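Okay, structure_25.csv is below, CSV, C-alpha atoms and all ligand atoms:
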chain,number,residue,atom,x,y,z
A,25,MET,CA,-61.6,145.4,-128.2
A,26,SER,CA,-64.0,142.6,-127.4
A,27,ALA,CA,-66.2,142.4,-124.3
A,28,MET,CA,-65.3,140.0,-121.5
A,29,PRO,CA,-67.4,136.9,-121.5
A,30,ALA,CA,-68.9,136.1,-118.1
A,31,SER,CA,-66.7,133.0,-117.7
A,32,LEU,CA,-63.5,132.4,-119.6
A,33,ARG,CA,-63.1,129.0,-118.0
A,34,ASP,CA,-64.6,127.2,-120.9
A,35,GLU,CA,-62.0,128.6,-123.3
A,36,PHE,CA,-59.3,126.6,-121.4
A,37,PRO,CA,-59.5,122.9,-122.4
A,38,LEU,CA,-58.1,121.5,-119.2
A,39,LEU,CA,-60.5,123.6,-117.0
A,40,ALA,CA,-63.4,122.8,-119.2
A,41,ALA,CA,-62.6,119.1,-118.9
A,42,GLU,CA,-62.3,119.3,-115.1
A,43,PRO,CA,-65.2,121.4,-113.9
A,44,ASP,CA,-64.5,120.7,-110.2
A,45,LEU,CA,-60.8,121.7,-110.3
A,46,HIS,CA,-59.9,125.0,-108.5
A,47,TYR,CA,-56.7,125.9,-110.2
A,48,LEU,CA,-54.9,128.6,-108.1
A,49,ASP,CA,-51.3,128.0,-109.3
A,50,SER,CA,-51.2,130.2,-112.4
A,51,ALA,CA,-48.1,132.0,-111.2
A,52,ALA,CA,-46.3,128.7,-111.6
A,53,THR,CA,-48.0,127.8,-114.9
A,54,SER,CA,-51.1,129.2,-116.4
A,55,GLN,CA,-53.6,126.9,-118.2
A,56,ILE,CA,-53.3,127.0,-122.0
A,57,HIS,CA,-55.9,128.9,-124.0
A,58,ARG,CA,-57.7,126.9,-126.8
A,59,SER,CA,-56.5,129.3,-129.5
A,60,ALA,CA,-52.9,128.5,-128.6
A,61,MET,CA,-53.5,124.8,-128.7
A,62,ASP,CA,-55.3,125.1,-132.0
A,63,ALA,CA,-52.5,127.2,-133.5
A,64,VAL,CA,-49.9,124.6,-132.5
A,65,LEU,CA,-52.0,121.8,-134.0
A,66,HIS,CA,-52.6,123.8,-137.2
A,67,HIS,CA,-48.9,124.6,-137.6
A,68,GLU,CA,-47.7,121.1,-137.0
A,69,THR,CA,-50.2,119.7,-139.5
A,70,THR,CA,-49.8,122.3,-142.2
A,71,SER,CA,-46.4,124.1,-141.9
A,72,ARG,CA,-44.0,121.9,-140.0
A,73,ALA,CA,-40.5,122.4,-141.3
A,74,ASN,CA,-37.3,124.0,-140.0
A,75,VAL,CA,-36.9,127.8,-140.3
A,76,SER,CA,-34.4,130.1,-142.0
A,77,ARG,CA,-33.0,127.2,-144.2
A,78,GLY,CA,-35.4,125.7,-146.7
A,79,THR,CA,-36.6,127.1,-150.0
A,80,TYR,CA,-39.4,124.7,-150.6
A,81,ARG,CA,-43.0,125.8,-149.9
A,82,LEU,CA,-43.4,124.1,-146.6
A,83,ALA,CA,-40.2,125.7,-145.3
A,84,GLU,CA,-41.4,129.0,-146.5
A,85,ALA,CA,-44.7,128.5,-144.7
A,86,ALA,CA,-42.8,127.7,-141.5
A,87,ASP,CA,-40.6,130.9,-142.0
A,88,LEU,CA,-43.7,133.0,-142.4
A,89,ALA,CA,-45.5,131.6,-139.4
A,90,TYR,CA,-42.4,132.0,-137.2
A,91,GLU,CA,-41.7,135.6,-138.3
A,92,ARG,CA,-45.4,136.4,-137.9
A,93,ALA,CA,-45.1,135.2,-134.3
A,94,ARG,CA,-42.2,137.6,-133.9
A,95,GLN,CA,-44.3,140.4,-135.1
A,96,THR,CA,-47.2,139.5,-132.7
A,97,ALA,CA,-44.8,139.4,-129.8
A,98,ALA,CA,-43.4,142.8,-130.8
A,99,ARG,CA,-47.0,144.2,-130.9
A,100,PHE,CA,-47.8,142.7,-127.5
A,101,LEU,CA,-44.8,144.5,-126.0
A,102,ASN,CA,-45.1,147.6,-128.2
A,103,ALA,CA,-41.5,147.0,-129.3
A,104,GLY,CA,-39.8,149.3,-131.8
A,105,SER,CA,-39.3,146.5,-134.2
A,106,PRO,CA,-39.9,142.7,-134.5
A,107,ASP,CA,-36.1,142.5,-134.8
A,108,GLU,CA,-35.9,143.3,-131.1
A,109,ILE,CA,-37.8,140.0,-130.3
A,110,ILE,CA,-35.6,137.0,-129.5
A,111,PHE,CA,-37.4,133.7,-129.0
A,112,THR,CA,-35.9,131.6,-126.2
A,113,SER,CA,-37.0,128.6,-124.3
A,114,GLY,CA,-38.4,130.7,-121.5
A,115,ALA,CA,-37.7,133.6,-119.1
A,116,THR,CA,-34.9,131.7,-117.4
A,117,ALA,CA,-33.1,131.3,-120.8
A,118,ALA,CA,-33.8,135.0,-121.6
A,119,LEU,CA,-32.3,136.2,-118.3
A,120,ASN,CA,-29.2,133.9,-118.7
A,121,LEU,CA,-28.8,135.3,-122.2
A,122,VAL,CA,-28.5,138.8,-120.9
A,123,ALA,CA,-26.3,137.7,-118.0
A,124,HIS,CA,-23.9,136.2,-120.6
A,125,ALA,CA,-24.1,138.4,-123.6
A,126,PHE,CA,-24.5,141.8,-121.9
A,127,GLY,CA,-22.5,140.5,-119.0
A,128,ASN,CA,-19.5,139.9,-121.4
A,129,THR,CA,-19.5,143.7,-122.1
A,130,LEU,CA,-18.9,144.4,-118.4
A,131,GLN,CA,-15.6,144.6,-116.6
A,132,ALA,CA,-14.4,143.8,-113.1
A,133,GLY,CA,-15.6,146.6,-110.8
A,134,ASP,CA,-18.7,147.4,-112.9
A,135,ARG,CA,-21.9,147.1,-110.8
A,136,VAL,CA,-25.1,145.1,-111.5
A,137,LEU,CA,-28.0,146.0,-109.3
A,138,ILE,CA,-30.6,143.4,-108.6
A,139,SER,CA,-33.1,143.1,-105.7
A,140,VAL,CA,-33.6,140.8,-102.7
A,141,ALA,CA,-37.1,140.0,-104.3
A,142,GLU,CA,-35.8,138.3,-107.4
A,143,HIS,CA,-36.8,134.8,-108.5
A,144,HIS,CA,-33.6,132.6,-108.5
A,145,SER,CA,-33.5,132.9,-112.3
A,146,ASN,CA,-32.8,136.6,-112.0
A,147,PHE,CA,-30.4,136.0,-109.1
A,148,VAL,CA,-28.1,133.1,-109.7
A,149,PRO,CA,-27.0,134.1,-113.3
A,150,TRP,CA,-25.7,137.4,-111.8
A,151,GLN,CA,-23.9,135.6,-109.0
A,152,MET,CA,-22.3,133.4,-111.6
A,153,LEU,CA,-21.3,136.5,-113.7
A,154,ARG,CA,-19.7,137.9,-110.5
A,155,GLU,CA,-17.7,134.7,-110.1
A,156,ARG,CA,-16.6,134.8,-113.8
A,157,THR,CA,-15.8,138.5,-114.3
A,158,GLY,CA,-15.4,140.2,-110.9
A,159,ILE,CA,-18.3,142.5,-111.3
A,160,GLU,CA,-19.9,143.9,-108.2
A,161,LEU,CA,-23.4,142.6,-107.4
A,162,ALA,CA,-25.5,145.0,-105.3
A,163,MET,CA,-29.0,144.4,-103.9
A,164,ILE,CA,-32.0,146.7,-103.5
A,165,PRO,CA,-33.4,145.7,-100.1
A,166,VAL,CA,-37.1,145.0,-99.5
A,167,THR,CA,-39.6,146.6,-97.1
A,168,ALA,CA,-41.4,144.5,-94.4
A,169,SER,CA,-44.1,143.7,-97.0
A,170,GLY,CA,-41.5,142.6,-99.6
A,171,GLN,CA,-41.7,145.6,-101.9
A,172,LEU,CA,-38.5,147.0,-103.3
A,173,ASP,CA,-37.2,149.7,-100.9
A,174,LEU,CA,-35.9,152.4,-103.2
A,175,ALA,CA,-34.7,154.7,-100.4
A,176,LEU,CA,-31.1,153.5,-100.9
A,177,LEU,CA,-31.2,154.1,-104.7
A,178,PRO,CA,-29.1,157.2,-104.7
A,179,GLU,CA,-26.3,155.3,-103.0
A,180,LEU,CA,-26.5,152.2,-105.2
A,181,MET,CA,-26.9,154.1,-108.4
A,182,ASP,CA,-23.6,155.8,-109.4
A,183,SER,CA,-21.5,155.7,-112.6
A,184,LYS,CA,-20.2,152.2,-111.7
A,185,CYS,CA,-23.8,150.9,-112.1
A,186,ARG,CA,-24.2,149.4,-115.6
A,187,LEU,CA,-27.4,147.4,-115.2
A,188,VAL,CA,-30.4,147.3,-113.0
A,189,ALA,CA,-32.1,143.9,-113.3
A,190,VAL,CA,-35.3,143.4,-111.3
A,191,THR,CA,-38.6,141.7,-111.3
A,192,HIS,CA,-41.6,143.6,-112.8
A,193,LEU,CA,-44.0,141.7,-110.5
A,194,SER,CA,-43.0,139.5,-107.6
A,195,ASN,CA,-44.0,135.8,-107.8
A,196,VAL,CA,-44.3,135.7,-104.0
A,197,THR,CA,-45.8,139.0,-102.8
A,198,GLY,CA,-47.8,140.1,-105.8
A,199,ALA,CA,-46.1,143.5,-105.5
A,200,TRP,CA,-45.5,145.6,-108.7
A,201,THR,CA,-42.2,147.3,-109.0
A,202,ASP,CA,-42.0,151.1,-109.2
A,203,VAL,CA,-40.4,151.0,-112.6
A,204,ALA,CA,-40.6,154.7,-113.3
A,205,THR,CA,-38.4,155.6,-110.3
A,206,LEU,CA,-35.8,153.0,-111.2
A,207,VAL,CA,-35.7,154.0,-114.8
A,208,GLU,CA,-35.3,157.7,-113.9
A,209,ALA,CA,-32.4,156.9,-111.5
A,210,ALA,CA,-30.8,154.5,-114.1
A,211,ARG,CA,-30.9,157.0,-116.9
A,212,LYS,CA,-29.1,159.6,-114.8
A,213,VAL,CA,-26.0,157.4,-114.6
A,214,GLY,CA,-26.3,155.7,-118.0
A,215,ALA,CA,-27.3,152.3,-116.6
A,216,LYS,CA,-29.5,149.9,-118.5
A,217,VAL,CA,-32.7,148.4,-117.0
A,218,LEU,CA,-33.9,144.8,-117.4
A,219,LEU,CA,-37.4,143.8,-116.2
A,220,ASP,CA,-38.2,140.2,-115.5
A,221,GLY,CA,-41.7,140.1,-116.8
A,222,ALA,CA,-42.4,136.4,-116.1
A,223,GLN,CA,-45.3,137.2,-113.8
A,224,ALA,CA,-46.4,140.5,-115.3
A,225,VAL,CA,-47.4,139.3,-118.8
A,226,GLN,CA,-50.2,137.1,-117.4
A,227,HIS,CA,-51.9,140.4,-116.3
A,228,GLY,CA,-51.9,142.1,-119.7
A,229,PRO,CA,-49.9,143.3,-122.7
A,230,GLN,CA,-46.9,145.4,-121.7
A,231,ASP,CA,-45.5,148.6,-123.3
A,232,VAL,CA,-41.7,148.4,-123.1
A,233,ARG,CA,-41.3,151.8,-124.7
A,234,ALA,CA,-43.6,153.5,-122.2
A,235,LEU,CA,-41.8,151.6,-119.4
A,236,GLY,CA,-38.5,153.0,-120.7
A,237,VAL,CA,-36.5,149.9,-120.1
A,238,ASP,CA,-33.8,148.1,-122.2
A,239,PHE,CA,-34.6,144.4,-121.7
A,240,TYR,CA,-37.9,142.5,-121.0
A,241,ALA,CA,-38.1,138.8,-120.4
A,242,PHE,CA,-41.0,136.4,-120.2
A,243,SER,CA,-42.2,132.8,-120.6
A,244,GLY,CA,-45.1,131.5,-122.7
A,245,HIS,CA,-46.4,129.0,-120.2
A,246,LYS,CA,-47.3,131.8,-117.8
A,247,CYS,CA,-49.4,133.6,-120.3
A,248,PHE,CA,-51.8,131.0,-121.6
A,249,ALA,CA,-49.4,129.6,-124.2
A,250,PRO,CA,-47.4,126.4,-124.6
A,251,GLY,CA,-44.3,125.7,-122.5
A,252,GLY,CA,-40.8,125.7,-124.0
A,253,VAL,CA,-40.9,129.2,-125.4
A,254,GLY,CA,-40.2,132.6,-124.1
A,255,VAL,CA,-39.2,136.0,-125.2
A,256,LEU,CA,-36.3,138.4,-124.6
A,257,TRP,CA,-37.0,141.8,-125.9
A,258,GLY,CA,-34.0,144.1,-126.1
A,259,ARG,CA,-33.7,147.7,-127.3
A,260,GLY,CA,-32.3,147.6,-130.9
A,261,GLU,CA,-29.1,149.5,-130.2
A,262,VAL,CA,-28.4,147.6,-127.0
A,263,LEU,CA,-28.8,144.2,-128.7
A,264,ALA,CA,-26.6,145.3,-131.6
A,265,ALA,CA,-23.7,146.0,-129.2
A,266,MET,CA,-23.9,142.6,-127.6
A,267,PRO,CA,-21.9,139.5,-128.5
A,268,PRO,CA,-23.7,136.2,-128.9
A,269,PHE,CA,-24.3,133.9,-126.0
A,270,LEU,CA,-24.9,130.4,-127.5
A,271,ALA,CA,-23.1,129.5,-130.8
A,272,GLY,CA,-24.2,127.3,-133.6
A,273,GLY,CA,-26.3,127.3,-136.7
A,274,GLY,CA,-28.4,130.3,-137.6
A,275,MET,CA,-26.5,132.9,-135.6
A,276,ILE,CA,-23.6,133.6,-138.0
A,277,ALA,CA,-22.9,135.8,-141.0
A,278,SER,CA,-20.0,133.7,-142.2
A,279,VAL,CA,-17.7,130.9,-140.9
A,280,SER,CA,-14.3,130.1,-142.2
A,281,LEU,CA,-11.4,128.1,-140.9
A,282,GLU,CA,-10.0,131.3,-139.5
A,283,ALA,CA,-12.9,133.2,-138.1
A,284,THR,CA,-16.7,133.6,-137.6
A,285,THR,CA,-18.7,136.8,-138.0
A,286,TRP,CA,-22.1,137.2,-136.3
A,287,ALA,CA,-25.5,137.7,-137.8
A,288,GLU,CA,-27.5,140.8,-136.8
A,289,PRO,CA,-30.0,140.5,-134.0
A,290,PRO,CA,-32.3,138.8,-133.4
A,291,GLN,CA,-30.7,135.8,-135.3
A,292,ARG,CA,-27.4,136.4,-133.5
A,293,PHE,CA,-29.1,135.3,-130.3
A,294,GLU,CA,-31.1,132.4,-131.7
A,295,ALA,CA,-28.5,129.7,-132.2
A,296,GLY,CA,-29.9,126.3,-133.4
A,297,THR,CA,-33.4,125.4,-134.2
A,298,PRO,CA,-35.8,127.6,-132.3
A,299,PRO,CA,-39.1,126.6,-130.6
A,300,ILE,CA,-41.1,127.1,-133.8
A,301,ALA,CA,-44.5,125.6,-133.1
A,302,GLN,CA,-44.3,126.9,-129.6
A,303,ALA,CA,-43.7,130.5,-130.8
A,304,VAL,CA,-46.7,130.1,-133.1
A,305,GLY,CA,-48.8,129.0,-130.1
A,306,LEU,CA,-47.5,131.8,-128.1
A,307,ALA,CA,-48.4,134.3,-130.8
A,308,ALA,CA,-52.0,133.0,-130.8
A,309,ALA,CA,-52.3,133.4,-127.0
A,310,LEU,CA,-50.8,136.9,-127.2
A,311,GLU,CA,-53.2,137.8,-130.0
A,312,TRP,CA,-56.1,136.5,-127.8
A,313,MET,CA,-54.9,138.5,-124.9
A,314,MET,CA,-54.6,141.7,-126.9
A,315,GLY,CA,-58.3,141.3,-127.7
A,316,LEU,CA,-59.4,141.4,-124.1
A,317,ASP,CA,-60.8,144.3,-122.2
A,318,TRP,CA,-58.0,144.5,-119.5
A,319,ARG,CA,-59.8,147.1,-117.4
A,320,GLN,CA,-62.5,144.5,-116.8
A,321,VAL,CA,-60.0,141.7,-116.3
A,322,HIS,CA,-58.1,143.7,-113.7
A,323,ALA,CA,-61.3,144.7,-111.9
A,324,ARG,CA,-62.3,141.0,-111.7
A,325,GLU,CA,-58.8,139.9,-110.6
A,326,SER,CA,-58.8,142.7,-107.9
A,327,ARG,CA,-62.2,141.7,-106.6
A,328,LEU,CA,-61.2,138.1,-106.2
A,329,CYS,CA,-57.9,139.1,-104.6
A,330,GLU,CA,-59.7,141.3,-102.1
A,331,LEU,CA,-62.2,138.5,-101.3
A,332,LEU,CA,-59.3,136.1,-100.7
A,333,ILE,CA,-57.3,138.5,-98.6
A,334,GLU,CA,-60.4,139.3,-96.5
A,335,GLY,CA,-61.0,135.6,-95.9
A,336,LEU,CA,-57.4,134.8,-95.1
A,337,GLN,CA,-57.3,137.7,-92.6
A,338,ARG,CA,-60.1,136.0,-90.6
A,339,ILE,CA,-58.0,132.8,-90.1
A,340,PRO,CA,-56.4,133.0,-86.6
A,341,GLY,CA,-52.6,133.0,-86.7
A,342,LEU,CA,-52.3,133.3,-90.5
A,343,ARG,CA,-49.7,135.8,-91.6
A,344,LEU,CA,-50.1,137.4,-95.0
A,345,LEU,CA,-46.9,138.2,-96.9
A,346,GLY,CA,-46.9,141.1,-99.3
A,347,PRO,CA,-48.5,144.4,-99.6
A,348,GLU,CA,-52.0,145.3,-98.4
A,349,MET,CA,-54.8,145.3,-101.0
A,350,SER,CA,-54.1,148.3,-103.1
A,351,ALA,CA,-53.7,149.4,-106.7
A,352,GLN,CA,-50.1,148.3,-106.8
A,353,ARG,CA,-50.9,144.7,-106.1
A,354,ALA,CA,-51.5,141.7,-108.4
A,355,PRO,CA,-53.6,138.7,-107.4
A,356,ILE,CA,-50.7,136.6,-106.1
A,357,VAL,CA,-51.2,135.9,-102.4
A,358,SER,CA,-48.7,134.1,-100.2
A,359,PHE,CA,-49.2,133.3,-96.5
A,360,ASP,CA,-47.7,131.5,-93.6
A,361,ILE,CA,-49.5,129.5,-90.9
A,362,PRO,CA,-46.9,129.0,-88.1
A,363,GLY,CA,-46.6,125.3,-87.2
A,364,LEU,CA,-48.0,124.0,-90.5
A,365,HIS,CA,-45.8,123.1,-93.4
A,366,PRO,CA,-47.1,124.4,-96.8
A,367,HIS,CA,-46.6,121.0,-98.4
A,368,ASP,CA,-49.0,119.5,-95.8
A,369,ILE,CA,-51.5,122.3,-96.4
A,370,CYS,CA,-51.3,121.8,-100.2
A,371,GLN,CA,-51.7,118.1,-99.9
A,372,VAL,CA,-54.9,118.5,-97.8
A,373,LEU,CA,-56.2,121.2,-100.2
A,374,ASP,CA,-55.5,118.8,-103.1
A,375,THR,CA,-58.1,116.4,-101.6
A,376,HIS,CA,-60.6,119.2,-102.1
A,377,ARG,CA,-59.5,119.6,-105.8
A,378,LEU,CA,-57.6,122.8,-105.0
A,379,ALA,CA,-54.2,123.3,-106.8
A,380,LEU,CA,-51.9,125.6,-104.9
A,381,ARG,CA,-48.1,125.8,-104.5
A,382,GLY,CA,-46.2,125.6,-101.3
A,383,GLY,CA,-42.5,125.9,-100.8
A,384,HIS,CA,-39.8,128.5,-101.3
A,385,HIS,CA,-41.1,129.6,-104.7
A,386,CYS,CA,-37.5,129.9,-106.1
A,387,ALA,CA,-37.1,133.1,-104.0
A,388,GLN,CA,-35.2,132.0,-101.0
A,389,PRO,CA,-33.5,135.5,-100.3
A,390,LEU,CA,-36.9,137.1,-100.4
A,391,LEU,CA,-38.4,134.6,-98.0
A,392,ALA,CA,-35.5,134.9,-95.7
A,393,ALA,CA,-36.0,138.7,-95.7
A,394,LEU,CA,-39.7,138.1,-94.8
A,395,GLY,CA,-38.7,135.8,-92.0
A,396,VAL,CA,-40.0,132.5,-93.4
A,397,GLU,CA,-38.4,129.5,-95.1
A,398,VAL,CA,-41.5,128.5,-97.0
A,399,CYS,CA,-45.0,129.6,-97.6
A,400,THR,CA,-48.2,128.7,-99.3
A,401,ARG,CA,-49.2,130.7,-102.5
A,402,ALA,CA,-52.6,131.2,-104.2
A,403,SER,CA,-52.3,132.8,-107.6
A,404,ILE,CA,-55.4,134.0,-109.4
A,405,ALA,CA,-55.8,134.3,-113.2
A,406,LEU,CA,-58.5,135.6,-115.4
A,407,TYR,CA,-60.3,132.2,-115.5
A,408,ASN,CA,-60.8,132.0,-111.8
A,409,ASP,CA,-64.1,133.0,-110.1
A,410,GLU,CA,-65.6,133.4,-106.7
A,411,ALA,CA,-66.3,129.7,-106.4
A,412,ASP,CA,-62.5,129.1,-106.5
A,413,ILE,CA,-61.9,131.6,-103.6
A,414,HIS,CA,-64.8,130.2,-101.5
A,415,ALA,CA,-63.5,126.6,-102.1
A,416,LEU,CA,-60.0,127.7,-101.0
A,417,LEU,CA,-61.2,129.4,-97.8
A,418,ASP,CA,-63.4,126.3,-97.0
A,419,GLY,CA,-60.5,124.0,-97.8
A,420,LEU,CA,-58.1,125.9,-95.5
A,421,THR,CA,-60.6,125.7,-92.6
A,422,PHE,CA,-60.7,122.0,-93.2
A,423,ALA,CA,-56.9,121.7,-93.5
A,424,LEU,CA,-56.5,123.6,-90.2
A,425,ARG,CA,-58.7,121.1,-88.5
A,426,GLU,CA,-57.0,118.1,-90.1
A,427,LEU,CA,-53.5,119.2,-89.4
A,428,ALA,CA,-54.0,120.7,-85.9
A,501,LIG,N1,-39.1,135.1,-112.9
A,501,LIG,C1,-40.2,135.0,-112.2
A,501,LIG,C2,-40.6,136.3,-111.4
A,501,LIG,C3,-40.9,133.9,-112.1
A,501,LIG,O1,-42.0,133.8,-111.3
A,501,LIG,C4,-40.4,132.7,-112.8
A,501,LIG,C5,-41.1,131.4,-112.7
A,501,LIG,O2,-41.8,131.2,-111.8
A,501,LIG,C6,-39.3,132.9,-113.6
A,501,LIG,C7,-38.6,134.1,-113.6
A,501,LIG,C8,-38.7,131.7,-114.4
A,501,LIG,O3,-39.6,131.4,-115.4
A,501,LIG,P1,-39.4,130.1,-116.3
A,501,LIG,O4,-39.3,128.9,-115.3
A,501,LIG,O5,-40.6,130.0,-117.1
A,501,LIG,O6,-38.1,130.2,-117.0
Once more with this new file: its structure as structure tokens, please.
Ligand code: PLP
Amino acid sequence: MSAMPASLRDEFPLLAAEPDLHYLDSAATSQIHRSAMDAVLHHETTSRANVSRGTYRLAEAADLAYERARQTAARFLNAGSPDEIIFTSGATAALNLVAHAFGNTLQAGDRVLISVAEHHSNFVPWQMLRERTGIELAMIPVTASGQLDLALLPELMDSKCRLVAVTHLSNVTGAWTDVATLVEAARKVGAKVLLDGAQAVQHGPQDVRALGVDFYAFSGHKCFAPGGVGVLWGRGEVLAAMPPFLAGGGMIASVSLEATTWAEPPQRFEAGTPPIAQAVGLAAALEWMMGLDWRQVHARESRLCELLIEGLQRIPGLRLLGPEMSAQRAPIVSFDIPGLHPHDICQVLDTHRLALRGGHHCAQPLLAALGVEVCTRASIALYNDEADIHALLDGLTFALRELA
């Protein structure tokens, strides 16, 4: 495991090119690491061909690079086998894949349990499944600070419950989900567990076997990799029992005029040409992440998060959303300043070279539960430093004066 360099900023080409930019929107999209860009360029200039088709050397090089990327993703998640890794276009596509393919194994009356804290991409696919099949969709409520309130679990988790699909880390409140309690309750009734890891992966490699879940979804663009690629991990026997979602080339065993039979996973779930170069770039970013000292990264992220929260708490009228500073918190900090629209705040901050997101963050049910329609969010990643936090606090003081 390599030591953490003092500043990682220079390893990110966009940040290196824009030294005065304070990028605090990594929960929306992280900046791409140089190794991922280099890997894409190298692949496109040495091994660009389609995969699982050609027998010439270039095609074999593409096959090798793509399957190596699968192996890297499997190591990053500590999956049982690379065959459990399905490349998708992102977390949204991965979640829709489960809602369709696993969803097609459900019947009217079966229950899917999600939570009020979900991003719309882990909310709407289940509502659509409910419309299609008549499943029951139940919600885990949230506490006043937006954390999943597991007090009602015993009522929601009976033998009708077939799947619990929740976020691993909230994109609004920065709250980590208590996965162990959920998994224990799900196992008792034979329900499967899906984690939406879109936010979590930016804060380190994950161990799906230690988590004890059945599905894990994430996007490359949120973990220092290119856009247009994501991963769905599924436990081998669970994937094997699922019908395909999308149909086309690459996902069949045989096609005749009468019938089609499916390939085994993961190919069964990768219809059409996959995001090959993007997967190679993703693997490079994951490899780089696996070489970091995550204890140091977390200590640094927590310190910056604490500094930010302390500063925000000094702003009169500002309401912080999400849990207090504690071990169960990631550096995603949302806040509301009554009377000021987040879009206005973000525009003024932009004039100070601060990039933050304001809006509903694709989590309207959660925001409604927290009593706001929109909010401003600062999300801290491993390349941020104290200068970014001080710039934000100064920028907010300026914005408050400007907009008052
Ligand atoms: N889930 C969560 C918690 C997210 O924060 C996001 C994106 O912000 C998604 C899912 C969807 O990710 P993508 O847009 O990369 O598919």
Subject >> Which residue of A:Ala249, A:Ala423, A:Ile369, A:Val207 approaches Val304 in chain A most closely, using only C-alpha atoms >> reply: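 Selected residue with least distance to Val304 in chain A: A:Ala249.
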Using all atoms listed in the file, find each residue in chain A having at least one atom no more than 7 Å away from ligand LIG 501 (chain A); report its shortest atom-to-atom pair and that distance in Å (one decimal), rows by chain then rising number, as a Markdown table.
| residue | atom | partner | partner_atom | distance |
| --- | --- | --- | --- | --- |
| A:Ala51 | CA | A:LIG501 | O1 | 6.4 |
| A:Ala52 | CA | A:LIG501 | O2 | 5.2 |
| A:Gly114 | CA | A:LIG501 | O6 | 4.5 |
| A:Ala115 | CA | A:LIG501 | O6 | 4.0 |
| A:Thr116 | CA | A:LIG501 | O6 | 3.6 |
| A:Ala117 | CA | A:LIG501 | O6 | 6.4 |
| A:Glu142 | CA | A:LIG501 | C2 | 6.6 |
| A:His143 | CA | A:LIG501 | N1 | 5.0 |
| A:Ser145 | CA | A:LIG501 | C7 | 5.4 |
| A:Asn146 | CA | A:LIG501 | C7 | 6.5 |
| A:Thr191 | CA | A:LIG501 | C2 | 5.8 |
| A:Leu193 | CA | A:LIG501 | C2 | 6.4 |
| A:Ser194 | CA | A:LIG501 | C2 | 5.5 |
| A:Asn195 | CA | A:LIG501 | O1 | 4.5 |
| A:Asp220 | CA | A:LIG501 | N1 | 5.8 |
| A:Gly221 | CA | A:LIG501 | C2 | 6.7 |
| A:Ala222 | CA | A:LIG501 | C1 | 4.7 |
| A:Gln223 | CA | A:LIG501 | C2 | 5.4 |
| A:Ser243 | CA | A:LIG501 | O5 | 4.8 |
| A:His245 | CA | A:LIG501 | O5 | 6.7 |
| A:Lys246 | CA | A:LIG501 | O5 | 7.0 |
**OP:** Find the distance between CA of Phe248 in chain A and CA of Arg327 in chain A and write it in Å to one decimal.
**Re:**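 Computed distance, CA of Phe248 in chain A to CA of Arg327 in chain A, equals 21.2 Å.
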Subject >> Pick from A:Val136, A:Ala40, A:Ala308, A:Leu316 nearest to Ala89 in chain A, counting all atoms listed in the file >> reply: A:Ala308
Original post:
In Å, with one decimal, what is the gap from CA of Ile333 in chain A to CA of Leu391 in chain A?
Top reply: 19.3 Å
Please provide as a PDB file with C-alpha atoms, in the frame of the given file all residues within 12 Å of Arg324 in chain A, with the sequence filter that same-chain residues fewer than 2 positions apart are discarded (counting only C-alpha atoms).
ATOM      1  CA  MET A  28     -65.300 140.000-121.500  1.00  0.00           C
ATOM      2  CA  PRO A  29     -67.400 136.900-121.500  1.00  0.00           C
ATOM      3  CA  ALA A  30     -68.900 136.100-118.100  1.00  0.00           C
ATOM      4  CA  SER A  31     -66.700 133.000-117.700  1.00  0.00           C
ATOM      5  CA  LEU A  32     -63.500 132.400-119.600  1.00  0.00           C
ATOM      6  CA  HIS A 227     -51.900 140.400-116.300  1.00  0.00           C
ATOM      7  CA  ASP A 317     -60.800 144.300-122.200  1.00  0.00           C
ATOM      8  CA  TRP A 318     -58.000 144.500-119.500  1.00  0.00           C
ATOM      9  CA  ARG A 319     -59.800 147.100-117.400  1.00  0.00           C
ATOM     10  CA  GLN A 320     -62.500 144.500-116.800  1.00  0.00           C
ATOM     11  CA  VAL A 321     -60.000 141.700-116.300  1.00  0.00           C
ATOM     12  CA  HIS A 322     -58.100 143.700-113.700  1.00  0.00           C
ATOM     13  CA  SER A 326     -58.800 142.700-107.900  1.00  0.00           C
ATOM     14  CA  ARG A 327     -62.200 141.700-106.600  1.00  0.00           C
ATOM     15  CA  LEU A 328     -61.200 138.100-106.200  1.00  0.00           C
ATOM     16  CA  CYS A 329     -57.900 139.100-104.600  1.00  0.00           C
ATOM     17  CA  GLU A 330     -59.700 141.300-102.100  1.00  0.00           C
ATOM     18  CA  LEU A 331     -62.200 138.500-101.300  1.00  0.00           C
ATOM     19  CA  ALA A 354     -51.500 141.700-108.400  1.00  0.00           C
ATOM     20  CA  PRO A 355     -53.600 138.700-107.400  1.00  0.00           C
ATOM     21  CA  ILE A 404     -55.400 134.000-109.400  1.00  0.00           C
ATOM     22  CA  ALA A 405     -55.800 134.300-113.200  1.00  0.00           C
ATOM     23  CA  LEU A 406     -58.500 135.600-115.400  1.00  0.00           C
ATOM     24  CA  TYR A 407     -60.300 132.200-115.500  1.00  0.00           C
ATOM     25  CA  ASN A 408     -60.800 132.000-111.800  1.00  0.00           C
ATOM     26  CA  ASP A 409     -64.100 133.000-110.100  1.00  0.00           C
ATOM     27  CA  GLU A 410     -65.600 133.400-106.700  1.00  0.00           C
TER      28      GLU A 410
END
Subject >> Among listed residues A:Gly383, A:Gly315, A:Pro106, A:Gly395, nearest Glu91 in chain A (using all atoms listed in the file) >> reply: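 Nearest to Glu91 in chain A: A:Pro106.
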**OP:** Identify which of the residues A:Ala168, A:Leu310, A:Val225, A:Val237 lies closest to Ala204 in chain A, counting only C-alpha atoms when measuring atom-to-atom distances.
**Re:**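 With only C-alpha atoms as the atom set, the closest residue is A:Val237.
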